[in-house]
Amino acid sequence: MCTSVLYKNQGFSYFGRNLDLQFAMGNNVIVTPRNYEFKFKETDSIQSHAAMVGMAINADNYPLYFEAVNEYGVGIAGLNFSGFAEYNLEKVEGKVNIGSFELIPYLLSSAKSIDDIKKMAQDINIRAISYSDQYQASPLHWLCADENSSIVIERTKDGLHIYENPLNVLTNQPEFPSQYYNFCNYLHLTASYPDNTMAPNEPLQIYGTGMGSNGLPGGLSSVERFVRAGFTLANSRAKATDEASLTQYL
């Protein structure tokens, strides 16, 4: 169960995710310094790149990043997308052919903004290859963010998709467009005290705070988490201090 958000508050921006699994993955905080050579399975290595830090498995001195942020403030998180992710079996001439485990280091090597990510992603062919027999390719989609905005990258059976993400949240299945339109089913929710639209001629009383959120889904499914995180993110309020913003984000 993964949930990732970009939280913005009056000049402060925070990007991250949780990783709720029933088993340990062996991941640790990994710093990749500038110009540490990234070798890729099917495309040229990158010897000159930005520094980055994130959570990763150290596989023979190769960082298999779950998520990372580079020195320019661009971040990417890979979230489970099983049942929907479908990588290309074939190499494509004229494209950058990379495995899903290589996407984060490839994009963060030089991207300084989300606009850079969009341009780079257009030339990518995500291949159905694994790092090794021990580390098989995971079915993923990705939330990419800078201080201002975020996008979602998905590779499904009908190709590569790049979606603008004004909600700045991502969970798991199904595809992002379906998650977005399901979000519209909760337009009646409000962080304010609700208006009496059910029986406007009856003096119904508000008996507690938070009543405007009645109907907010409370389950653990990815669809419910998407709505809940999106609602909370859109209605979060904090003072314009780093401490207040960080506390609200957590």
# chains A, B, ... in the order shown; residues from 1 in each chain; ligands from 1

$ residues_around --residues "stretch 78-83 of chain A" --least-positions-apart "5" --cutoff "8 Å" --atoms "only C-alpha atoms" --output "ChimeraX atom specification"
/A:1-3,66-67,138-143,171-174

$ residues_around --residues "A:Glu224" --least-positions-apart "6" --cutoff "10 Å" --atoms "only C-alpha atoms" --output "list in words"
Thr171, Gln179, Asn182, Phe183, Leu216, Pro217, Gly218 and Gly230 of chain A

$ select_by_dssp --residues "stretch 40-142 of chain A" --states "strand (DSSP E or B)" --output "PyMOL selection string"
chain A and resi 46+52-59+62-70+75-80+88+96-99+124-127+140-142

$ atom_distance --atom1 "atom CA of A:Ile57" --atom2 "atom CA of A:Asn70"
17.1 Å

$ residues_around --residues "A:Phe40" --least-positions-apart "2" --cutoff "12 Å" --atoms "only C-alpha atoms" --output "PyMOL selection string"
chain A and resi 37-38+42-47+62-64+96-106+127+129-131
